[in-house]
$ cat start.cif   # mmCIF, C-alpha atoms (C1' of nucleotides)
data_coords
#
loop_
_atom_site.label_atom_id
_atom_site.label_comp_id
_atom_site.auth_asym_id
_atom_site.auth_seq_id
_atom_site.Cartn_x
_atom_site.Cartn_y
_atom_site.Cartn_z
CA MET D 1 -4.33 -4.72 15.39
CA SER D 2 -5.51 -5.70 14.96
CA ALA D 3 -6.08 -7.67 17.52
CA ASN D 4 -3.35 -10.04 17.70
CA SER D 5 -2.71 -11.20 21.18
CA ARG D 6 0.69 -12.79 20.81
CA MET D 7 2.48 -10.26 22.97
CA SER D 8 0.00 -10.77 25.78
CA LEU D 9 0.30 -14.51 25.40
CA ALA D 10 4.10 -14.51 25.50
CA VAL D 11 4.28 -12.21 28.51
CA HIS D 12 1.70 -14.29 30.31
CA ILE D 13 3.66 -17.47 29.69
CA LEU D 14 6.96 -16.01 30.84
CA ALA D 15 5.38 -14.49 33.93
CA TRP D 16 3.84 -17.85 34.71
CA LEU D 17 7.20 -19.58 34.39
CA ALA D 18 8.92 -16.92 36.48
CA CYS D 19 6.29 -17.20 39.16
CA ASP D 20 6.38 -20.98 39.06
CA ARG D 21 10.09 -20.94 39.72
CA ARG D 22 9.56 -19.02 42.89
CA GLY D 23 7.77 -22.00 44.43
CA THR D 24 9.56 -24.85 46.06
CA ASP D 25 8.01 -27.80 44.28
CA GLN D 26 9.66 -29.06 41.15
CA GLU D 27 6.64 -30.30 39.27
CA THR D 28 7.22 -29.92 35.56
CA ALA D 29 5.85 -26.83 33.85
CA THR D 30 4.00 -28.30 30.90
CA SER D 31 2.17 -26.63 28.06
CA GLN D 32 -0.93 -28.26 29.51
CA HIS D 33 -0.58 -26.47 32.83
CA ILE D 34 0.21 -23.13 31.28
CA ALA D 35 -2.73 -23.50 28.92
CA ALA D 36 -5.02 -23.80 31.92
CA SER D 37 -3.91 -20.42 33.24
CA VAL D 38 -4.09 -18.74 29.86
CA ASN D 39 -7.33 -20.53 29.10
CA THR D 40 -6.47 -21.85 25.70
CA ASN D 41 -5.21 -24.90 23.87
CA PRO D 42 -1.77 -26.39 24.74
CA VAL D 43 -0.74 -26.28 21.10
CA VAL D 44 -1.14 -22.52 21.09
CA ILE D 45 1.16 -22.35 24.09
CA ARG D 46 3.73 -24.61 22.48
CA ARG D 47 3.75 -22.49 19.33
CA SER D 48 4.52 -19.43 21.40
CA LEU D 49 7.08 -21.21 23.56
CA GLY D 50 8.78 -22.49 20.44
CA ARG D 51 9.53 -18.94 19.39
CA LEU D 52 10.63 -17.95 22.87
CA ARG D 53 13.01 -20.89 22.81
CA GLU D 54 14.42 -19.91 19.42
CA HIS D 55 15.21 -16.55 20.97
CA GLY D 56 16.92 -18.14 23.93
CA LEU D 57 14.45 -17.10 26.60
CA VAL D 58 13.36 -20.60 27.63
CA THR D 59 14.59 -24.15 27.42
CA VAL D 60 12.58 -27.29 27.08
CA GLY D 61 13.00 -30.86 28.23
CA GLN D 62 11.81 -33.52 25.86
CA GLY D 63 9.91 -36.64 26.71
CA ARG D 64 8.32 -37.60 29.97
CA GLN D 65 9.05 -35.07 32.71
CA GLY D 66 9.89 -32.59 30.01
CA GLY D 67 8.72 -29.04 30.53
CA TRP D 68 9.78 -25.46 30.34
CA THR D 69 12.08 -23.20 32.31
CA LEU D 70 13.44 -19.70 31.91
CA THR D 71 17.05 -19.60 30.81
CA ARG D 72 17.79 -16.55 32.91
CA ASP D 73 16.48 -14.45 35.71
CA ALA D 74 13.13 -12.81 35.06
CA ALA D 75 14.60 -9.48 36.07
CA SER D 76 16.96 -9.64 33.11
CA ILE D 77 14.23 -10.22 30.53
CA THR D 78 12.74 -6.97 29.28
CA LEU D 79 9.50 -6.76 27.39
CA LEU D 80 11.54 -5.71 24.39
CA ASP D 81 13.20 -9.13 24.50
CA VAL D 82 9.73 -10.61 24.41
CA TYR D 83 8.58 -8.26 21.66
CA CYS D 84 11.55 -9.31 19.55
CA ALA D 85 10.56 -12.94 19.99
CA ILE D 86 7.11 -12.63 18.50
CA PRO D 87 6.48 -12.63 14.74
CA ASP D 88 7.19 -9.12 13.56
CA GLU D 89 4.35 -7.37 11.97
CA PRO D 90 5.12 -3.81 11.10
CA LEU D 91 3.41 -1.29 13.36
CA PHE D 92 1.79 0.39 10.40
CA GLY D 93 1.23 -1.22 7.05
CA MET D 94 2.16 0.44 3.80
CA HIS D 95 -0.33 0.92 1.00
CA ALA D 96 -1.80 -2.35 -0.20
CA SER D 97 -1.01 -1.47 -3.80
CA ALA D 98 1.90 0.75 -4.71
CA PRO D 99 1.02 4.44 -5.20
CA ASP D 100 1.28 6.06 -8.60
CA ALA D 101 5.00 6.70 -9.07
CA ARG D 102 4.22 9.34 -11.69
CA CYS D 103 2.72 11.59 -9.01
CA HIS D 104 5.01 13.82 -6.99
CA ILE D 105 3.51 12.56 -3.76
CA GLY D 106 3.04 8.95 -4.80
CA TYR D 107 6.64 8.63 -5.90
CA GLY D 108 8.31 9.27 -2.55
CA ILE D 109 5.63 8.85 0.08
CA GLN D 110 6.54 5.31 1.09
CA THR D 111 10.17 6.17 1.63
CA VAL D 112 9.14 9.01 3.91
CA LEU D 113 6.56 6.92 5.74
CA ALA D 114 9.14 4.21 6.33
CA GLY D 115 11.35 6.69 8.14
CA ILE D 116 8.50 7.94 10.27
CA TYR D 117 7.34 4.46 11.15
CA SER D 118 10.84 3.44 12.01
CA ARG D 119 11.16 6.30 14.48
CA ALA D 120 7.78 5.46 15.98
CA SER D 121 8.82 1.85 16.34
CA ASP D 122 12.02 2.89 18.10
CA ALA D 123 10.02 4.92 20.58
CA LEU D 124 7.77 1.96 21.25
CA ARG D 125 10.69 -0.38 21.74
CA ARG D 126 12.45 2.01 24.05
CA SER D 127 9.36 2.09 26.20
CA LEU D 128 9.26 -1.70 26.33
CA THR D 129 12.78 -1.86 27.74
CA GLU D 130 11.54 -0.17 30.87
CA THR D 131 9.64 -3.21 32.13
CA THR D 132 10.97 -6.68 32.88
CA VAL D 133 9.18 -9.96 33.30
CA ALA D 134 10.02 -9.74 37.00
CA ASP D 135 8.18 -6.40 37.16
CA VAL D 136 5.18 -7.99 35.52
CA VAL D 137 5.16 -10.83 38.04
CA ARG D 138 5.50 -8.48 40.98
CA GLU D 139 2.77 -6.14 39.78
CA THR D 140 0.47 -8.99 38.86
CA LEU D 141 0.79 -10.64 42.25
CA ALA D 142 0.15 -7.26 43.84
CA VAL D 143 -3.09 -6.95 41.90
CA HIS D 144 -3.99 -10.41 43.08
CA ALA D 145 -3.19 -9.65 46.68
CA ALA D 146 -5.20 -6.45 46.60
CA GLY D 147 -8.15 -7.87 44.74
CA ASP D 148 -11.26 -9.69 45.68
CA CYS D 149 -10.36 -12.87 43.92
CA PRO D 150 -12.08 -16.21 43.41
CA PRO D 151 -10.79 -19.42 45.07
CA ARG D 152 -7.42 -20.59 43.77
CA ARG D 153 -6.85 -23.08 41.04
CA SER D 154 -4.45 -23.89 38.29
CA ARG D 155 -0.78 -23.88 38.96
CA PRO D 156 1.49 -22.16 39.87
CA THR D 157 -0.92 -21.28 42.63
CA GLU D 158 -2.49 -24.58 43.44
CA GLY D 159 -2.10 -25.71 47.01
CA ARG D 160 0.41 -23.07 47.94
CA PRO D 161 0.03 -19.98 50.07
CA PRO D 162 0.05 -16.67 48.21
CA LEU D 163 3.58 -15.68 47.37
CA LEU D 164 3.20 -12.04 48.22
CA MET M 165 -2.89 -7.67 8.12
CA SER M 166 -2.06 -6.29 10.88
CA ALA M 167 -0.94 -4.78 8.18
CA ASN M 168 -3.57 -2.32 8.06
CA SER M 169 -2.68 0.53 5.85
CA ARG M 170 -5.09 3.19 7.04
CA MET M 171 -2.41 5.40 8.54
CA SER M 172 -0.45 5.36 5.30
CA LEU M 173 -3.59 6.07 3.36
CA ALA M 174 -4.61 9.02 5.53
CA VAL M 175 -1.16 10.59 5.49
CA HIS M 176 -0.96 10.16 1.74
CA ILE M 177 -4.30 11.87 1.25
CA LEU M 178 -3.45 14.81 3.48
CA ALA M 179 -0.05 15.23 1.89
CA TRP M 180 -1.70 15.19 -1.50
CA LEU M 181 -4.16 17.89 -0.45
CA ALA M 182 -1.41 19.97 1.12
CA CYS M 183 0.70 19.70 -1.99
CA ASP M 184 -2.24 20.45 -4.25
CA ARG M 185 -2.88 23.65 -2.39
CA ARG M 186 0.60 24.88 -3.18
CA GLY M 187 -0.27 25.04 -6.84
CA THR M 188 -1.99 27.94 -8.46
CA ASP M 189 -4.82 26.24 -10.29
CA GLN M 190 -8.06 25.75 -8.43
CA GLU M 191 -9.27 22.55 -9.96
CA THR M 192 -11.33 20.63 -7.47
CA ALA M 193 -9.60 17.92 -5.44
CA THR M 194 -11.92 14.97 -5.89
CA SER M 195 -11.79 11.49 -4.46
CA GLN M 196 -11.31 10.38 -8.05
CA HIS M 197 -8.10 12.36 -8.47
CA ILE M 198 -6.70 11.34 -5.12
CA ALA M 199 -7.51 7.72 -5.84
CA ALA M 200 -5.35 7.91 -8.94
CA SER M 201 -2.34 8.91 -6.88
CA VAL M 202 -2.97 6.33 -4.18
CA ASN M 203 -3.83 3.76 -6.81
CA THR M 204 -7.08 2.56 -5.34
CA ASN M 205 -10.84 2.98 -5.54
CA PRO M 206 -12.44 6.41 -4.89
CA VAL M 207 -14.76 4.90 -2.30
CA VAL M 208 -11.78 3.86 -0.22
CA ILE M 209 -10.56 7.44 -0.34
CA ARG M 210 -13.96 8.80 0.64
CA ARG M 211 -14.19 6.47 3.59
CA SER M 212 -10.87 7.73 4.86
CA LEU M 213 -11.69 11.37 4.13
CA GLY M 214 -14.97 10.96 5.96
CA ARG M 215 -13.10 10.18 9.16
CA LEU M 216 -10.63 12.99 8.60
CA ARG M 217 -13.57 15.33 8.20
CA GLU M 218 -15.20 14.11 11.40
CA HIS M 219 -11.97 15.02 13.13
CA GLY M 220 -11.94 18.47 11.61
CA LEU M 221 -8.88 18.06 9.40
CA VAL M 222 -10.62 18.54 6.06
CA THR M 223 -13.81 20.03 4.69
CA VAL M 224 -15.81 18.90 1.74
CA GLY M 225 -17.99 20.61 -0.83
CA GLN M 226 -21.03 18.67 -1.93
CA GLY M 227 -22.34 18.35 -5.44
CA ARG M 228 -20.76 19.44 -8.63
CA GLN M 229 -17.48 21.24 -8.08
CA GLY M 230 -17.37 19.73 -4.65
CA GLY M 231 -14.03 18.48 -3.42
CA TRP M 232 -11.73 18.46 -0.46
CA THR M 233 -9.52 21.00 1.25
CA LEU M 234 -7.48 21.09 4.43
CA THR M 235 -9.06 23.13 7.19
CA ARG M 236 -5.74 24.42 8.39
CA ASP M 237 -2.13 24.75 7.47
CA ALA M 238 -0.31 21.49 6.87
CA ALA M 239 2.39 22.59 9.27
CA SER M 240 -0.13 22.58 12.10
CA ILE M 241 -1.31 19.02 11.48
CA THR M 242 0.86 16.47 13.27
CA LEU M 243 0.83 12.80 12.51
CA LEU M 244 -0.70 12.28 15.93
CA ASP M 245 -3.70 14.26 14.72
CA VAL M 246 -3.89 11.86 11.82
CA TYR M 247 -3.39 8.83 14.04
CA CYS M 248 -6.27 9.96 16.21
CA ALA M 249 -8.48 10.19 13.16
CA ILE M 250 -8.12 6.58 12.10
CA PRO M 251 -10.14 3.78 13.71
CA ASP M 252 -8.38 2.93 16.92
CA GLU M 253 -7.16 -0.56 17.19
CA PRO M 254 -5.17 -1.17 20.32
CA LEU M 255 -1.45 -1.53 19.70
CA PHE M 256 -1.43 -4.93 21.34
CA GLY M 257 -4.46 -7.13 21.75
CA MET M 258 -5.36 -8.75 25.03
CA HIS M 259 -5.91 -12.48 25.34
CA ALA M 260 -8.68 -13.69 23.07
CA SER M 261 -10.34 -15.50 25.94
CA ALA M 262 -10.03 -14.31 29.52
CA PRO M 263 -7.25 -15.98 31.53
CA ASP M 264 -8.10 -18.20 34.48
CA ALA M 265 -8.94 -15.79 37.30
CA ARG M 266 -8.25 -18.50 39.85
CA CYS M 267 -4.56 -18.43 38.98
CA HIS M 268 -2.29 -15.86 40.64
CA ILE M 269 -0.96 -14.78 37.29
CA GLY M 270 -4.18 -15.08 35.34
CA TYR M 271 -6.08 -12.95 37.79
CA GLY M 272 -4.12 -9.74 37.44
CA ILE M 273 -2.13 -10.06 34.24
CA GLN M 274 -4.49 -8.07 32.05
CA THR M 275 -4.53 -5.13 34.43
CA VAL M 276 -0.76 -5.05 34.39
CA LEU M 277 -0.55 -5.47 30.62
CA ALA M 278 -3.01 -2.61 30.16
CA GLY M 279 -0.68 -0.29 32.04
CA ILE M 280 2.32 -1.39 30.04
CA TYR M 281 0.52 -1.04 26.73
CA SER M 282 -0.74 2.35 27.69
CA ARG M 283 2.78 3.57 28.36
CA ALA M 284 3.97 2.08 25.08
CA SER M 285 1.14 3.78 23.25
CA ASP M 286 2.05 7.11 24.84
CA ALA M 287 5.62 6.74 23.62
CA LEU M 288 4.39 6.01 20.13
CA ARG M 289 2.05 8.98 20.11
CA ARG M 290 4.72 11.29 21.41
CA SER M 291 6.92 10.26 18.54
CA LEU M 292 4.13 10.99 16.06
CA THR M 293 3.83 14.58 17.27
CA GLU M 294 7.29 15.24 15.96
CA THR M 295 6.27 15.15 12.32
CA THR M 296 3.70 17.31 10.54
CA VAL M 297 1.96 16.84 7.23
CA ALA M 298 4.04 19.74 5.94
CA ASP M 299 7.19 17.79 6.85
CA VAL M 300 5.88 14.81 4.95
CA VAL M 301 5.20 16.92 1.88
CA ARG M 302 8.61 18.53 2.00
CA GLU M 303 10.45 15.26 2.46
CA THR M 304 8.40 13.49 -0.16
CA LEU M 305 9.05 16.15 -2.77
CA ALA M 306 12.72 15.99 -1.87
CA VAL M 307 12.74 12.27 -2.56
CA HIS M 308 11.06 12.99 -5.86
CA ALA M 309 13.54 15.69 -6.79
CA ALA M 310 16.47 13.45 -5.94
CA GLY M 311 15.15 10.34 -7.59
CA ASP M 312 15.21 8.95 -11.04
CA CYS M 313 11.50 9.16 -11.56
CA PRO M 314 9.14 8.20 -14.37
CA PRO M 315 7.34 10.85 -16.47
CA ARG M 316 4.74 12.83 -14.57
CA ARG M 317 1.08 12.06 -14.34
CA SER M 318 -1.84 12.31 -11.99
CA ARG M 319 -2.51 15.51 -10.20
CA PRO M 320 -1.30 17.46 -8.26
CA THR M 321 1.66 17.24 -10.55
CA GLU M 322 0.14 17.22 -13.96
CA GLY M 323 1.27 19.96 -16.25
CA ARG M 324 3.12 21.89 -13.61
CA PRO M 325 6.82 22.28 -13.03
CA PRO M 326 8.21 20.44 -10.03
CA LEU M 327 7.49 22.37 -6.86
CA LEU M 328 10.83 21.80 -5.28
"C1'" DT G 329 -35.15 23.75 -14.48
"C1'" DT G 330 -32.24 20.42 -16.20
"C1'" DT G 331 -27.87 18.25 -16.46
"C1'" DA G 332 -23.49 16.87 -15.10
"C1'" DT G 333 -20.55 15.94 -11.45
"C1'" DA G 334 -19.63 15.34 -6.78
"C1'" DT G 335 -20.11 12.97 -2.15
"C1'" DG G 336 -22.27 9.38 1.29
"C1'" DT G 337 -23.11 4.89 2.22
"C1'" DA G 338 -24.93 0.22 2.15
"C1'" DA G 339 -23.99 -4.25 0.59
"C1'" DC G 340 -21.33 -7.67 -1.31
"C1'" DT G 341 -16.95 -10.27 -2.72
"C1'" DG G 342 -12.36 -12.07 -1.94
"C1'" DC G 343 -8.44 -12.40 0.60
"C1'" DT G 344 -5.47 -12.97 4.44
"C1'" DC G 345 -4.44 -14.25 8.95
"C1'" DA G 346 -4.93 -15.66 13.82
"C1'" DA G 347 -6.77 -18.81 17.16
"C1'" DG G 348 -8.26 -22.96 18.08
"C1'" DT G 349 -8.42 -27.89 17.30
"C1'" DT G 350 -7.26 -32.73 15.93
"C1'" DA G 351 -4.03 -36.02 14.92
"C1'" DC G 352 0.13 -38.18 14.99
"C1'" DA G 353 5.31 -38.75 15.03
"C1'" DT G 354 9.09 -38.27 18.25
"C1'" DT G 355 11.43 -38.30 22.58
"C1'" DA G 356 12.82 -39.87 27.08
"C1'" DA G 357 11.89 -41.02 32.13
"C1'" DG G 358 10.49 -44.73 34.99
"C1'" DC P 359 7.48 -51.26 27.32
"C1'" DT P 360 4.53 -47.79 28.98
"C1'" DT P 361 3.51 -43.24 29.88
"C1'" DA P 362 3.75 -38.44 29.39
"C1'" DA P 363 5.67 -34.87 27.28
"C1'" DT P 364 7.01 -31.89 22.95
"C1'" DG P 365 6.95 -30.73 17.67
"C1'" DT P 366 4.34 -29.93 13.88
"C1'" DA P 367 1.27 -30.42 9.97
"C1'" DA P 368 -3.34 -29.77 8.52
"C1'" DC P 369 -7.74 -28.23 8.96
"C1'" DT P 370 -11.79 -25.24 10.61
"C1'" DT P 371 -13.68 -21.06 11.97
"C1'" DG P 372 -14.15 -16.29 12.40
"C1'" DA P 373 -12.81 -11.50 11.93
"C1'" DG P 374 -11.48 -7.65 9.44
"C1'" DC P 375 -9.86 -5.03 5.50
"C1'" DA P 376 -9.44 -3.59 0.63
"C1'" DG P 377 -11.86 -3.31 -3.19
"C1'" DT P 378 -16.07 -2.97 -5.91
"C1'" DT P 379 -20.88 -1.98 -7.48
"C1'" DA P 380 -24.88 0.48 -7.04
"C1'" DC P 381 -27.63 4.07 -5.91
"C1'" DA P 382 -29.49 8.09 -3.17
"C1'" DT P 383 -28.38 12.85 -2.41
"C1'" DA P 384 -26.51 17.37 -3.18
"C1'" DT P 385 -25.26 21.34 -5.97
"C1'" DA P 386 -22.89 24.30 -9.47
"C1'" DA P 387 -23.45 25.59 -14.03
"C1'" DA P 388 -25.74 25.74 -18.50
#

$ encode --input "start.cif" --output "structure tokens"
Amino acid sequence: MSANSRMSLAVHILAWLACDRRGTDQETATSQHIAASVNTNPVVIRRSLGRLREHGLVTVGQGRQGGWTLTRDAASITLLDVYCAIPDEPLFGMHASAPDARCHIGYGIQTVLAGIYSRASDALRRSLTETTVADVVRETLAVHAAGDCPPRRSRPTEGRPPLL
Amino acid sequence: MSANSRMSLAVHILAWLACDRRGTDQETATSQHIAASVNTNPVVIRRSLGRLREHGLVTVGQGRQGGWTLTRDAASITLLDVYCAIPDEPLFGMHASAPDARCHIGYGIQTVLAGIYSRASDALRRSLTETTVADVVRETLAVHAAGDCPPRRSRPTEGRPPLL
DNA sequence: TTTATATGTAACTGCTCAAGTTACATTAAG
DNA sequence: CTTAATGTAACTTGAGCAGTTACATATAAA
């Protein structure tokens, strides 16, 4: 993968929003702010948030003072929910060009592979249900608290004492 | 792609070799023949077989009358063995550019994601141990026997009665 | 020893796709 | 009306894979 980082991006965004909520200030959570934490372009963030919104995980306010919020508690959002909200690429790709159907193996191999891949995908998904966005936030803040970290910046941290 | 088809390719090749072995003739299994079944270029097959050989799943004879054979029984080769023999791309990619370490979330998120992805990968691998190359051959031939298939061609089928 | 038939591998092409970026229309608070 | 936000199209860049050509190397068989 094929190095596509959309899962990491989406989890990061949701964790950021969940963490942001924990604070007391009600500054708007904009794609600009989130982009600073993720270290990328705001448009990339908006593209990801757009999908998360389509799947009902976040809502957005339009216009000035718009911004993003989780629609439900972070503890109720599993990483499978997130996984389902990113563009689905199959775990394993099939042959680029169809095998020779006149060969005993070539004829049925894709059917069999599909079954195997489906079972593998189920196992993966089951494992993703075991972690919630709230878990991610908690563990991430724990890493931060334990670590030897540089001076704070970028919201949701800015100007506030560590949350844990 | 993400769609990278190397797993499908490797399984196809091994199934082909396993099936070929079941026959009585001892024609050599060449990259040329396998390529016909997979419907691709022999060099693509050799590249894949090269990795499978490095991982001890097949052996090769050089020169004229060279060719490929499984090193052990197909029933003892799990799909995890195959998975381990293809170039390892992580299941999920991390952020393309490192998150802002000055943010509470950005600082620790990748550590946490690594743990989550590792557990997901374990689940996937565990699922792959449940199928062997022999299973794939058996199921594939069953699909062939059940199906309404075109006239035979391309070894390992050519000129032989259906195996199942 | 020569010839025919394999593999091994480098090097190149073409294609697809993701991330990043720019630009601009739209929306709504103040 | 002004300002600050999202939504989205369009483009650039870069990476990686499948496929291909070409050729060096190895070896069984004539």

$ interface_residues --input "start.cif" --of "chain G" --to "chain M" --cutoff "10 Å" --atoms "only C-alpha atoms (C1' of nucleotides)" --output "list of chain:residue names"
G:DA332, G:DT333, G:DA334, G:DT335, G:DG336, G:DT337, G:DT344, G:DC345, G:DA347

$ atom_distance --input "start.cif" --atom1 "atom CA of Thr233 of chain M" --atom2 "atom CA of Asn205 of chain M"
19.3 Å

$ atom_distance --input "start.cif" --atom1 "atom CA of Arg266 of chain M" --atom2 "atom CA of Trp16 of chain D"
13.2 Å

$ interface_residues --input "start.cif" --of "chain P" --to "chain M" --cutoff "9 Å" --atoms "all atoms listed in the file" --output "number ranges by chain"
P: 374-378, 383-387

$ interface_residues --input "start.cif" --of "chain D" --to "chain M" --cutoff "7 Å" --atoms "all atoms listed in the file" --output "ChimeraX atom specification"
/D:1-5,7-9,12,16,36-39,89-90,92-109,112,120,123-124,127-128,136,139-141,143-144,150-155,157

$ atom_distance --input "start.cif" --atom1 "atom CA of Arg72 of chain D" --atom2 "atom CA of Ala18 of chain D"
9.6 Å

$ residues_around --input "start.cif" --residues "Thr223 of chain M" --least-positions-apart "2" --cutoff "9 Å" --atoms "only C-alpha atoms (C1' of nucleotides)" --output "count of residues only"
11

$ resolve_selection --input "start.cif" --expression "the PyMOL selection byres ((chain G and resi 340) around 12)" --output "list in words"
DA338, DA339, DT341 and DG342 of chain G; DG377, DT378, DT379 and DA380 of chain P

$ axis_aligned_box --input "start.cif" --around "segment 371-378 of chain P" --padding-each-side "8 Å" --output "AutoDock Vina command-line options"
--center_x -12.8 --center_y -12.0 --center_z 3.2 --size_x 22.6 --size_y 34.1 --size_z 34.3

$ closest_residue --input "start.cif" --among "D:Ala134, D:Gly115, D:Glu27, D:Arg51" --to "Tyr83 of chain D" --atoms "only C-alpha atoms"
D:Arg51

$ residues_around --input "start.cif" --residues "His219 of chain M" --least-positions-apart "5" --cutoff "9 Å" --atoms "all atoms listed in the file" --output "MDAnalysis selection string"
chainID M and resid 214 245:246 248:249

$ resolve_selection --input "start.cif" --expression "the PyMOL selection byres ((chain P and resi 367) around 10)" --output "PyMOL selection string"
(chain G and resi 351-352) or (chain P and resi 365-366+368-369)

$ resolve_selection --input "start.cif" --expression "the PyMOL selection byres ((chain P and resi 360) around 12)" --output "number ranges by chain"
D: 64; G: 356-358; P: 359, 361-362

$ decode --input "start.cif" --residues "chain P" --atoms "C-alpha atoms (C1' of nucleotides)" --output "PDB file, in the first residue's frame"
ATOM      1  C1'  DC P 359     -20.662  44.843   3.186  1.00  0.00           C
ATOM      2  C1'  DT P 360     -16.733  42.592   4.910  1.00  0.00           C
ATOM      3  C1'  DT P 361     -14.501  38.752   6.588  1.00  0.00           C
ATOM      4  C1'  DA P 362     -13.642  34.055   7.285  1.00  0.00           C
ATOM      5  C1'  DA P 363     -14.961  29.738   6.528  1.00  0.00           C
ATOM      6  C1'  DT P 364     -16.219  25.481   3.401  1.00  0.00           C
ATOM      7  C1'  DG P 365     -16.741  22.957  -1.349  1.00  0.00           C
ATOM      8  C1'  DT P 366     -14.670  21.678  -5.327  1.00  0.00           C
ATOM      9  C1'  DA P 367     -12.486  21.663  -9.825  1.00  0.00           C
ATOM     10  C1'  DA P 368      -8.159  21.541 -12.063  1.00  0.00           C
ATOM     11  C1'  DC P 369      -3.501  21.061 -12.263  1.00  0.00           C
ATOM     12  C1'  DT P 370       1.366  19.474 -10.898  1.00  0.00           C
ATOM     13  C1'  DT P 371       4.407  16.270  -9.061  1.00  0.00           C
ATOM     14  C1'  DG P 372       6.092  11.985  -7.660  1.00  0.00           C
ATOM     15  C1'  DA P 373       5.896   7.081  -6.709  1.00  0.00           C
ATOM     16  C1'  DG P 374       5.152   2.517  -7.894  1.00  0.00           C
ATOM     17  C1'  DC P 375       3.597  -1.343 -10.667  1.00  0.00           C
ATOM     18  C1'  DA P 376       2.759  -4.110 -14.857  1.00  0.00           C
ATOM     19  C1'  DG P 377       4.516  -4.954 -18.948  1.00  0.00           C
ATOM     20  C1'  DT P 378       8.183  -5.212 -22.371  1.00  0.00           C
ATOM     21  C1'  DT P 379      12.766  -5.637 -24.689  1.00  0.00           C
ATOM     22  C1'  DA P 380      17.257  -7.070 -24.587  1.00  0.00           C
ATOM     23  C1'  DC P 381      20.946  -9.608 -23.291  1.00  0.00           C
ATOM     24  C1'  DA P 382      24.149 -12.292 -20.177  1.00  0.00           C
ATOM     25  C1'  DT P 383      24.368 -16.778 -18.120  1.00  0.00           C
ATOM     26  C1'  DA P 384      23.557 -21.616 -17.401  1.00  0.00           C
ATOM     27  C1'  DT P 385      22.873 -26.360 -18.854  1.00  0.00           C
ATOM     28  C1'  DA P 386      20.754 -30.568 -20.974  1.00  0.00           C
ATOM     29  C1'  DA P 387      20.857 -32.922 -25.114  1.00  0.00           C
ATOM     30  C1'  DA P 388      22.357 -33.841 -29.825  1.00  0.00           C
TER      31       DA P 388
END
